[in-house]
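Contents: one structure, followed by commentary.
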Amino acid sequence: MFGLSGYEISLITSMGIAVIFALSLNLITGFCGQISLGHAAFYGIGAYSSAMLTKAGMPLGVGILGAVIFAGLVGLAVGFTSLRVRHDFLAITTMGVGFLFIGIMRQWDFVGGEMGVSGIPGSGLGKPGFMFLVLGFGVLTVLFSLHLKRSWMGYAFDAIADDEDTARVVGLDVSRYKLAAFAMGTALAGLAGALYAHNVRFIDPESFGFVESITVLAMVVIGGIGSVFGIIFAAALLSVLPLWIQFIDEYKLLLYGGLLFAMMRFSPGGLAGLVKQILPKKSSPKASGGQKT
Amino acid sequence: MSKLLEVSNVKVQFGGVIAVNDVSFSLNEGELLGFIGPNGAGKTTMMRAITGVVTPASGSIVLGGKELIGLPIHSRVRMGLGFSQQLVKPFRNMTVLENVALTVGSHHTGSPLSALFKVGREDENKRARELLALVGVSDAADADPSNLPLGYLKRLEVARALALDPTLLLLDEPLAGLNHAEAHKLADMIVDLNAAGRSIILIEHNLGEVMRICSRLVVQDNGNKIADGDPDSVMNTPAVRAAYLGENTDHAAA
């Protein structure tokens with residue numbers, strides 16, 4: 001199809017899923033400023049939910065919907081902890097959520113324990129069909145992110161990300177906005193997880209561990225926290241590099257860690273910030289926030 | 001004149017320290033009230049009790065007939081309480097204009113869901129420009145607040161508080177850190193706002209300006225209210241003179 005080999009189709013599918021996953025974290029960390037080090041748990045909840053639902057005979061649509069709802073509900077619950085703790089404490093709390101998820105999945109026989117879930121039904125659309133499904137969801141996620149950024153919700157998120165106390169002073173119900181960010185971001189992670197499950201058709205707890213959480217965070221930071229296009233680029237590139245070049249797969253953590261470090265040291269705005277520095281300035285004199293997309 | 005704000009027997013305690021002790025005062029509609037006192041008198045604590053940052057141990061604070069104690073800060077703000085803080089806190093990831101426009105559009109941000117479906121900021125930007133012009137900082141509209149001098153940021157705070165179109169405007173030391181000319185200008189602006197019908201409580205150290213513009217003063221010292229009345233008679237009260245100048249002083253105050 002379109003001259004794409006099966007291999008290229010699977011690369012594009014993986015890229016699409018990574019973009020949805022990275023943009024889902026961007027809603028929470030990039031837009032609303034709430035750090036999460038356990039985002040892979042919601043990816044996992046989505047994957048397990050859709051896997052179990054479809055294995056029980058439900059159609060793909062129900063599996064995906066269930067994944068979105070389950071992940072979003074758990075995300076909402078975790079969001080409540082973000083109302084109590086901030087900054088580094090929130091980072092530790094969300095990291096704990098990630099480990100808790102792995103711990104439960106390993107012990108829970110219903111979802112296969114350590115062995116995971118195999119024989120997950122495919123999409124029934126064929127490889128190219130599934131690629132288009134993923135790309136369709138990817139485009140919707142991108143459009144949603146761009147809309148959110150332009151909306152008054154994005155405006156309020158900017159304020160909350162900068163200074164919660166002052167956000168209250170200008171009349172923002174900070175708690176509700178943070179819960180909304182967690183619910184939306186984790187629901188989208190659930191969507192990405194469901195697509196992942198039906199793509200690889202085998203999942204185990206290790207697929208959603210701490211390394212995955214850090215990988216997706218690296219995509220967001222390297223792309224540029226809060227920047228939609230920077231993150232699309234970083235997620236696409238970083239997801240496909242290890243698949244493309246076997247050599248990189250062996251040094252994946254080293255590469256991500258190094259890039260993460262280099263970005264924080266030399267360009268805290270990520271790739272998007274770098275592009276902004278290089279390109280001649282347009283009308284807006286400020287460096288970040290507000291209208292940038 | 002009807003009472004807009006009624007503070008009754010408010011007591012705020014931090015551990016063993018009583019910061020505000022059984023203080024009552026009220027604000028009439030359309031009044032410009034100066035709330036003054038020496039350093040450490042508990043003025044800002046009183047203001048924080050009204051805004052909701054600290055919770056009083058006892059007492060009541062009623063705005064427009066509704067009890068404020070127990071409500072979160074953002075609800076009080078949406079009930080018509082606008083305030084500028086002593087320490088300026090602009091959103092540093094936004095321009096000056098965006099800082100104000102966000103607050104102008106507070107009716108869009110009441111609930112996250114409705115905020116999600118609302119796009120477009122032209123009207124809010126227009127109104128924000130008017131407010132910036134009103135406080136005299138329109139030349140800095142597109143600037144990053146991180147690069148601005150304190151005088152600009154103080155006025156940005158006032159513009160942001162006004163953006164809510166509050167029924168009661170609480171200004172906590174808006175003149176502090178400004179030079180004489182700047183302070184005079186901002187004080188004149190506060191008078192203009194009051195003349196336009198805005199009810200204002202001004203917490204201020206700059207006694208000269210307070211005496212010049214306020215129609216009534218409430219004086220607090222060591223957490224206790226020590227005077228309440230028109231500026232001249234208040235400043236001639238022995239307790240007020242003692243508070244400002246130390247005990248047994250014969251010289252005139254401020």
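In the structure tokens, the first chain shown is A, the next is B, and so on; residue numbers restart at 1 for each chain, and ligands run from 1 in the order shown.
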
Using only C-alpha atoms, which protein or nucleic acid residues come within 7 Å of Leu76 (chain A)? Drop anything in the same chain fewer than 4 positions from it, and give the result as a JSON list (two decimals) with N, CA and C atoms, in the first residue's frame.
```json
[["chain", "number", "residue", "atom", "x", "y", "z"],
["A", 72, "GLY", "N", -8.73, 6.88, 32.44],
["A", 72, "GLY", "CA", -9.15, 8.22, 32.86],
["A", 72, "GLY", "C", -9.64, 8.25, 34.30],
["A", 80, "PHE", "N", -6.37, 13.46, 42.32],
["A", 80, "PHE", "CA", -6.70, 13.96, 43.66],
["A", 80, "PHE", "C", -5.46, 14.08, 44.54],
["A", 179, "LEU", "N", -7.51, 18.43, 38.08],
["A", 179, "LEU", "CA", -8.20, 17.16, 37.89],
["A", 179, "LEU", "C", -8.56, 16.95, 36.42],
["A", 182, "PHE", "N", -5.44, 15.84, 34.58],
["A", 182, "PHE", "CA", -5.12, 14.44, 34.85],
["A", 182, "PHE", "C", -6.11, 13.51, 34.16],
["A", 183, "ALA", "N", -7.39, 13.82, 34.21],
["A", 183, "ALA", "CA", -8.38, 12.95, 33.59],
["A", 183, "ALA", "C", -8.16, 12.87, 32.08]]
```

Which residues of chain B sit at most 8 Å from chain A, using only C-alpha atoms? Give each one's shortest atom pair and distance in Å (one decimal place), in chain and ascending residue order, as a Markdown table.
```
| residue | atom | partner | partner_atom | distance |
| --- | --- | --- | --- | --- |
| B:Ile73 | CA | A:Arg168 | CA | 6.1 |
| B:His74 | CA | A:Gly171 | CA | 4.1 |
| B:Ser75 | CA | A:Gly171 | CA | 6.8 |
| B:Arg76 | CA | A:Gly171 | CA | 7.9 |
| B:Val77 | CA | A:Gly171 | CA | 5.2 |
| B:Arg78 | CA | A:Gly171 | CA | 5.9 |
| B:Gly82 | CA | A:Val170 | CA | 8.0 |
| B:Phe83 | CA | A:Val169 | CA | 7.5 |
| B:Lys89 | CA | A:Thr166 | CA | 6.7 |
| B:Pro90 | CA | A:Thr166 | CA | 7.8 |
| B:Phe91 | CA | A:Asp162 | CA | 6.1 |
| B:Arg92 | CA | A:Asp162 | CA | 6.9 |
| B:Asn93 | CA | A:Gly289 | CA | 5.0 |
| B:Met94 | CA | A:Gly290 | CA | 5.7 |
| B:Thr95 | CA | A:Lys286 | CA | 7.0 |
| B:Glu98 | CA | A:Gly290 | CA | 7.4 |
| B:Leu102 | CA | A:Tyr155 | CA | 7.0 |
| B:Thr103 | CA | A:Val170 | CA | 5.9 |
| B:Ser106 | CA | A:Gly171 | CA | 6.9 |
| B:His108 | CA | A:Trp152 | CA | 6.7 |
| B:Thr109 | CA | A:Trp152 | CA | 6.5 |
| B:Gly110 | CA | A:Leu172 | CA | 6.9 |
| B:Ser111 | CA | A:Asp173 | CA | 7.7 |
| B:Pro112 | CA | A:Tyr177 | CA | 5.8 |
| B:Leu113 | CA | A:Met153 | CA | 7.8 |
| B:Ala115 | CA | A:Met153 | CA | 4.7 |
| B:Leu116 | CA | A:Met153 | CA | 4.8 |
| B:Phe117 | CA | A:Ser151 | CA | 6.6 |
| B:Lys118 | CA | A:Ser151 | CA | 5.5 |
| B:Val119 | CA | A:Ser151 | CA | 4.4 |
| B:Gly120 | CA | A:Ser151 | CA | 7.3 |
| B:Asp142 | CA | A:Pro285 | CA | 7.1 |
| B:Ala143 | CA | A:Lys286 | CA | 7.0 |
| B:Asp144 | CA | A:Lys286 | CA | 5.9 |
| B:Arg160 | CA | A:Val170 | CA | 7.7 |
| B:Ala161 | CA | A:Val170 | CA | 7.5 |
| B:Leu164 | CA | A:Val170 | CA | 7.7 |
```

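For the pair CA of Ser36 (chain A) and CA of Thr94 (chain A), the separation is 5.5 Å.
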
Worksheet item: Can you list, as a ChimeraX atom specification, every protein, DNA or RNA residue that comes within 7 Å of region 36-43 of chain B when you count only C-alpha atoms, leaving out same-chain residues fewer than 6 positions away?
Response: /B:19-20,203-205,218-223,243-244

Discussion item. Report as a ChimeraX atom specification all protein, DNA and RNA residues lying within 12 Å of Gly185 (chain A), evaluated on only C-alpha atoms, omitting residues in the same chain fewer than 2 positions from it.
Written reply: /A:20-32,34-36,39-40,42-43,68-69,71-76,78-79,141,144-145,148,178-183,187-192

Discussion item. So that I can check the surroundings of Pro149 (chain B), please list as a PyMOL selection string every protein, DNA and RNA residue that reaches within 12 Å of it, counting only C-alpha atoms and ignoring chain neighbours fewer than 5 positions away.
Written reply: chain B and resi 88+137+140+143-144+154-156+177-179+182
